[in-house]
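> Here it is: the structure, laid out below.
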Amino acid sequence: MSGGHDLAMGLRRAYLTLHRQADDAVRPLKLTADQFALLTELVATDGLIQRALVDRLASDANTVAAILKRLERK
């Protein structure tokens, strides 16, 4: 069991490190990495609906809705 736990924690640390680095990279644009990914998908695919965004971002509907609301306020 320990090996599985160690793998899971290692993957989590790697993901969080990657996410922090991505946030740092897009900070000059006044965006988060999640906002940048969402906007990139919108630009790449004309007429994309919110459900498709959820699938393309491998996220959940509530998270995508929250990102969209923050972007709309900006």
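How things are named: the first chain in the structure tokens is A, the next is B, and so on; residues count from 1 in each chain; ligands count from 1 in the order shown.
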Please identify all polymer residues within 12 Å of A:Ala22, counting only C-alpha atoms, omitting same-chain residues fewer than 5 positions from it, and present them as a list in words.
Tyr15, Leu16, Thr17, Arg27, Pro28, Leu29, Leu31, Thr32, Ala33, Asp34, Gln35, Phe36 and Ala37 of chain A
> Find the residues near stretch 50-58 of chain A: any atom within 10 Å, counting only C-alpha atoms, skip ones fewer than 3 places away on the same chain, and give them as a list in words.
Asp34, Ala37, Leu38, Leu39, Glu41, Leu42, Thr45, Gly47, Ala61, Asn62, Thr63, Val64, Ala65 and Leu68 of chain A
> Measure the distance from atom CA of A:Arg70 to atom CA of A:Leu18 in Å and round it to one decimal.
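Atom CA of A:Leu18 lies 22.1 Å from atom CA of A:Arg70.
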